[in-house]
$ cat coords_34.pdb   # PDB, C-alpha atoms and all ligand atoms
ATOM      1  CA  MET A 843      97.353  91.090 126.112
ATOM      2  CA  LYS A 844      99.239  92.693 123.208
ATOM      3  CA  LEU A 845     102.554  94.470 122.881
ATOM      4  CA  ILE A 846     102.293  97.402 120.498
ATOM      5  CA  ILE A 847     105.645  98.477 119.085
ATOM      6  CA  SER A 848     105.297 101.788 117.344
ATOM      7  CA  ILE A 849     108.068 103.609 115.471
ATOM      8  CA  VAL A 850     107.197 107.281 115.120
ATOM      9  CA  GLN A 851     108.913 110.508 114.156
ATOM     10  CA  ASP A 852     110.641 112.364 116.999
ATOM     11  CA  GLN A 853     108.505 115.473 116.467
ATOM     12  CA  ASP A 854     105.288 113.535 117.083
ATOM     13  CA  ALA A 855     106.454 111.624 120.161
ATOM     14  CA  PRO A 856     105.857 114.227 122.946
ATOM     15  CA  SER A 857     102.184 114.891 122.124
ATOM     16  CA  LEU A 858     101.568 111.189 121.466
ATOM     17  CA  ILE A 859     103.037 110.190 124.841
ATOM     18  CA  ASP A 860     101.051 112.944 126.586
ATOM     19  CA  ASP A 861      97.788 111.703 125.059
ATOM     20  CA  LEU A 862      98.578 108.053 125.868
ATOM     21  CA  THR A 863      99.474 108.726 129.495
ATOM     22  CA  GLU A 864      96.456 111.034 129.887
ATOM     23  CA  LYS A 865      94.275 108.045 128.909
ATOM     24  CA  GLU A 866      96.224 106.000 131.487
ATOM     25  CA  PHE A 867      98.094 103.798 129.025
ATOM     26  CA  ARG A 868     101.583 102.761 130.096
ATOM     27  CA  VAL A 869     104.321 103.508 127.596
ATOM     28  CA  THR A 870     108.096 103.121 127.316
ATOM     29  CA  LYS A 871     110.000 105.438 124.991
ATOM     30  CA  LEU A 872     113.178 104.251 123.301
ATOM     31  CA  ALA A 873     115.512 106.390 121.221
ATOM     32  CA  SER A 874     115.960 104.584 117.900
ATOM     33  CA  THR A 875     117.524 105.145 114.501
ATOM     34  CA  GLY A 876     116.009 104.360 111.119
ATOM     35  CA  GLY A 877     118.136 102.024 109.043
ATOM     36  CA  PHE A 878     117.444 103.800 105.760
ATOM     37  CA  LEU A 879     117.766 107.498 106.672
ATOM     38  CA  LYS A 880     120.147 106.770 109.570
ATOM     39  CA  SER A 881     118.466 109.515 111.536
ATOM     40  CA  GLY A 882     116.744 109.446 114.904
ATOM     41  CA  ASN A 883     113.211 108.274 115.460
ATOM     42  CA  THR A 884     111.259 107.133 118.515
ATOM     43  CA  THR A 885     110.121 103.622 119.333
ATOM     44  CA  LEU A 886     107.299 103.230 121.838
ATOM     45  CA  LEU A 887     106.508  99.990 123.674
ATOM     46  CA  MET A 888     102.981  99.643 125.010
ATOM     47  CA  GLY A 889     101.526  96.637 126.767
ATOM     48  CA  VAL A 890      97.728  96.832 126.509
ATOM     49  CA  GLU A 891      94.676  94.623 126.887
ATOM     50  CA  ASP A 892      93.315  93.218 123.607
ATOM     51  CA  GLU A 893      90.219  95.430 123.709
ATOM     52  CA  GLU A 894      92.373  98.561 124.154
ATOM     53  CA  VAL A 895      94.365  98.119 120.937
ATOM     54  CA  GLU A 896      91.948 100.060 118.714
ATOM     55  CA  GLY A 897      91.903 102.986 121.153
ATOM     56  CA  VAL A 898      95.696 103.150 121.125
ATOM     57  CA  LEU A 899      95.764 103.034 117.314
ATOM     58  CA  ASP A 900      93.295 105.950 117.196
ATOM     59  CA  ILE A 901      95.544 108.020 119.477
ATOM     60  CA  ILE A 902      98.594 107.208 117.323
ATOM     61  CA  GLU A 903      96.681 108.193 114.179
ATOM     62  CA  ASP A 904      95.594 111.499 115.758
ATOM     63  CA  ASN A 905      99.175 112.471 116.646
ATOM     64  CA  CYS A 906     101.433 111.105 113.919
ATOM     65  CA  LYS A 907     101.754 112.745 110.535
ATOM     66  CA  THR A 908     103.294 111.581 107.281
ATOM     67  CA  ARG A 909     106.020 113.993 106.165
ATOM     68  CA  GLU A 910     107.974 114.333 102.951
ATOM     69  CA  ILE A 911     111.621 115.065 103.588
ATOM     70  CA  THR A 912     114.508 115.735 101.234
ATOM     71  CA  THR A 913     117.717 113.960 102.122
ATOM     72  CA  SER A 914     121.091 113.850 100.439
ATOM     73  CA  LEU A 915     121.513 110.264 101.498
ATOM     74  CA  LEU A 916     122.142 108.846  98.043
ATOM     75  CA  SER A 917     125.449 109.544  96.405
ATOM     76  CA  VAL A 918     126.592 109.066  92.861
ATOM     77  CA  THR A 919     130.006 107.496  92.448
ATOM     78  CA  MET A 920     132.148 109.232  89.871
ATOM     79  CA  PRO A 921     135.464 108.057  88.420
ATOM     80  CA  GLY A 922     138.316 108.728  90.837
ATOM     81  CA  ASP A 923     136.302 107.871  93.969
ATOM     82  CA  THR A 924     134.374 111.159  93.903
ATOM     83  CA  TYR A 925     130.959 111.088  95.586
ATOM     84  CA  ILE A 926     128.308 113.625  94.655
ATOM     85  CA  PRO A 927     125.394 113.849  97.137
ATOM     86  CA  TYR A 928     122.136 113.227  95.328
ATOM     87  CA  PRO A 929     118.937 114.717  96.776
ATOM     88  CA  LEU A 930     116.207 112.204  97.408
ATOM     89  CA  ASP A 931     112.585 112.866  98.452
ATOM     90  CA  VAL A 932     111.391 110.342 101.031
ATOM     91  CA  LYS A 933     107.902 110.081 102.465
ATOM     92  CA  VAL A 934     108.259 109.081 106.117
ATOM     93  CA  GLY A 935     105.113 107.501 107.470
ATOM     94  CA  GLY A 936     103.242 108.703 110.518
ATOM     95  CA  ALA A 937     103.928 105.457 112.340
ATOM     96  CA  THR A 938     105.125 101.920 111.686
ATOM     97  CA  ILE A 939     103.303  99.623 114.067
ATOM     98  CA  PHE A 940     103.803  96.006 115.071
ATOM     99  CA  ILE A 941     101.249  94.250 117.297
ATOM    100  CA  LEU A 942     102.438  91.101 119.064
ATOM    101  CA  ASP A 943     100.696  88.610 121.335
ATOM    102  CA  VAL A 944     102.077  88.683 124.872
ATOM    103  CA  GLU A 945     102.527  85.249 126.412
ATOM    104  CA  LYS A 946     103.024  86.489 129.946
ATOM    105  CA  HIS A 947     103.163  89.889 131.650
ATOM    106  CA  ILE A 948     104.683  90.162 135.102
ATOM    107  CA  ARG A 949     105.019  93.257 137.313
ATOM    108  CA  ILE A 950     107.027  92.798 140.484
TER     109      ILE A 950
HETATM  110  P1  LIG A1001     114.066 104.545 108.033
HETATM  111  O1  LIG A1001     114.578 103.153 107.868
HETATM  112  O2  LIG A1001     115.048 105.620 108.236
HETATM  113  O3  LIG A1001     113.134 104.860 106.768
HETATM  114  C1  LIG A1001     112.612 106.145 106.545
HETATM  115  C2  LIG A1001     111.741 106.157 105.306
HETATM  116  O4  LIG A1001     112.557 105.858 104.172
HETATM  117  C3  LIG A1001     110.662 105.063 105.298
HETATM  118  O5  LIG A1001     109.494 105.553 105.948
HETATM  119  C4  LIG A1001     110.444 104.822 103.824
HETATM  120  O6  LIG A1001     109.589 105.788 103.252
HETATM  121  C5  LIG A1001     111.833 105.042 103.247
HETATM  122  N1  LIG A1001     112.566 103.784 103.091
HETATM  123  C6  LIG A1001     112.950 102.936 104.047
HETATM  124  N2  LIG A1001     113.648 101.894 103.537
HETATM  125  C7  LIG A1001     113.689 102.109 102.202
HETATM  126  C8  LIG A1001     114.267 101.406 101.109
HETATM  127  N3  LIG A1001     114.934 100.250 101.288
HETATM  128  N4  LIG A1001     114.106 101.936  99.850
HETATM  129  C9  LIG A1001     113.438 103.087  99.661
HETATM  130  N5  LIG A1001     112.871 103.811 100.666
HETATM  131  C10 LIG A1001     112.994 103.324 101.913
HETATM  132  P2  LIG A1001     108.622 104.528 106.769
HETATM  133  O7  LIG A1001     108.330 103.295 105.955
HETATM  134  O8  LIG A1001     107.441 105.290 107.273
HETATM  135  O9  LIG A1001     109.519 104.042 108.003
HETATM  136  C11 LIG A1001     109.856 104.924 109.062
HETATM  137  C12 LIG A1001     110.792 104.244 110.028
HETATM  138  O10 LIG A1001     110.100 103.123 110.619
HETATM  139  C13 LIG A1001     112.031 103.624 109.378
HETATM  140  O11 LIG A1001     113.055 104.598 109.286
HETATM  141  C14 LIG A1001     112.396 102.497 110.338
HETATM  142  O12 LIG A1001     113.067 103.022 111.474
HETATM  143  C15 LIG A1001     111.027 102.030 110.792
HETATM  144  N6  LIG A1001     110.525 100.899 109.984
HETATM  145  C16 LIG A1001     109.738 100.953 108.909
HETATM  146  N7  LIG A1001     109.423  99.730 108.454
HETATM  147  C17 LIG A1001     110.056  98.870 109.272
HETATM  148  C18 LIG A1001     110.130  97.444 109.328
HETATM  149  N8  LIG A1001     109.490  96.631 108.438
HETATM  150  N9  LIG A1001     110.889  96.871 110.304
HETATM  151  C19 LIG A1001     111.531  97.656 111.213
HETATM  152  N10 LIG A1001     111.485  99.015 111.213
HETATM  153  C20 LIG A1001     110.759  99.609 110.257
END

$ encode --input "coords_34.pdb" --output "structure tokens"
Amino acid sequence: MKLIISIVQDQDAPSLIDDLTEKEFRVTKLASTGGFLKSGNTTLLMGVEDEEVEGVLDIIEDNCKTREITTSLLSVTMPGDTYIPYPLDVKVGGATIFILDVEKHIRI
């Protein structure tokens, strides 16, 4: 068994979860925050059999899109402690996925 941890953009999460549950995959949704942009994203936990991993990856690929966003995250420090927001274009990936071996899975 594998644990798939998938960090996706909030906009893509509802349709992705719908498609996963429709195919009878079990999924847990966590509200998360990206360390770089400091804005919300969604982390999904999915415990699946080894042979189901590829199917889950296909569903993620179908639902999650790469987007370019402009953020004013960076700031330029000027003399006198003045900060000027500096626009920055960031390409946020469709999904960041980690696949881990599961030693034991128990449902009580
Ligand atoms: P954030 O950390 O908010 O990152 C958003 C996007 O900003 C990233 O998209 C990447 O394009 C850019 N970025 C991140 N760190 C950067 C840095 N140090 N310098 C320049 N640009 C940087 P993605 O790579 O698609 O990541 C989307 C979200 O997935 C991340 O949100 C984070 O929440 C998560 N993530 C990505 N890689 C991760 C990793 N190795 N470990 C844990 N979480 C990760």

$ closest_residue --input "coords_34.pdb" --among "A:Thr908, A:Leu845, A:Gly876, A:Leu858" --to "Glu945 (chain A)" --atoms "only C-alpha atoms"
A:Leu845

$ closest_residue --input "coords_34.pdb" --among "A:Lys880, A:Ile902, A:Glu891, A:Gly897" --to "Ile859 (chain A)" --atoms "all atoms listed in the file"
A:Ile902

$ resolve_selection --input "coords_34.pdb" --expression "the PyMOL selection byres (((chain A and resi 848) around 12) and not hetatm)" --output "VMD selection string"
chain A and resid 845 to 847 849 to 852 854 to 855 858 to 859 869 to 874 883 to 889 898 to 899 901 to 903 906 935 to 942

$ atom_distance --input "coords_34.pdb" --atom1 "atom C3 of ligand LIG 1001 (chain A)" --atom2 "CA of Pro927 (chain A)"
19.0 Å

$ residues_near_point --input "coords_34.pdb" --point "(109.0, 110.2, 105.3)" --cutoff "6 Å" --atoms "all atoms listed in the file" --output "list in words"
Arg909, Glu910, Ile911, Val932, Lys933, Val934 and Gly935 of chain A

$ resolve_selection --input "coords_34.pdb" --expression "the PyMOL selection byres (((chain A and resi 929) around 6) and not hetatm)" --output "PyMOL selection string"
chain A and resi 913-914+928+930

$ write_last_selection --input "coords_34.pdb" --atoms "C-alpha atoms" --output "mmCIF file, in the frame of the given file"
data_model
loop_
_atom_site.group_PDB
_atom_site.id
_atom_site.type_symbol
_atom_site.label_atom_id
_atom_site.label_comp_id
_atom_site.auth_asym_id
_atom_site.auth_seq_id
_atom_site.Cartn_x
_atom_site.Cartn_y
_atom_site.Cartn_z
ATOM 1 C CA THR A 913 117.717 113.960 102.122
ATOM 2 C CA SER A 914 121.091 113.850 100.439
ATOM 3 C CA TYR A 928 122.136 113.227 95.328
ATOM 4 C CA LEU A 930 116.207 112.204 97.408
#

$ closest_residue --input "coords_34.pdb" --among "A:Glu893, A:Lys907, A:Met843, A:Thr863" --to "ligand LIG 1001 (chain A)" --atoms "only C-alpha atoms and all ligand atoms"
A:Lys907

$ closest_residue --input "coords_34.pdb" --among "A:Gly877, A:Val944, A:Val895, A:Lys844" --to "ligand LIG 1001 (chain A)" --atoms "only C-alpha atoms and all ligand atoms"
A:Gly877

$ atom_distance --input "coords_34.pdb" --atom1 "CA of Ile950 (chain A)" --atom2 "CA of Glu896 (chain A)"
27.5 Å

$ axis_aligned_box --input "coords_34.pdb" --around "region 851-862 of chain A" --padding-each-side "6 Å" --output "AutoDock Vina command-line options"
--center_x 104.2 --center_y 111.8 --center_z 120.4 --size_x 24.9 --size_y 19.4 --size_z 24.4

$ atom_distance --input "coords_34.pdb" --atom1 "atom C7 of ligand LIG 1001 (chain A)" --atom2 "CA of Leu879 (chain A)"
8.1 Å

$ closest_residue --input "coords_34.pdb" --among "A:Asp931, A:Glu866, A:Asp892, A:Asp860" --to "ligand LIG 1001 (chain A)" --atoms "all atoms listed in the file"
A:Asp931

$ closest_residue --input "coords_34.pdb" --among "A:Ile948, A:Thr875, A:Thr912, A:Glu894" --to "ligand LIG 1001 (chain A)" --atoms "all atoms listed in the file"
A:Thr875
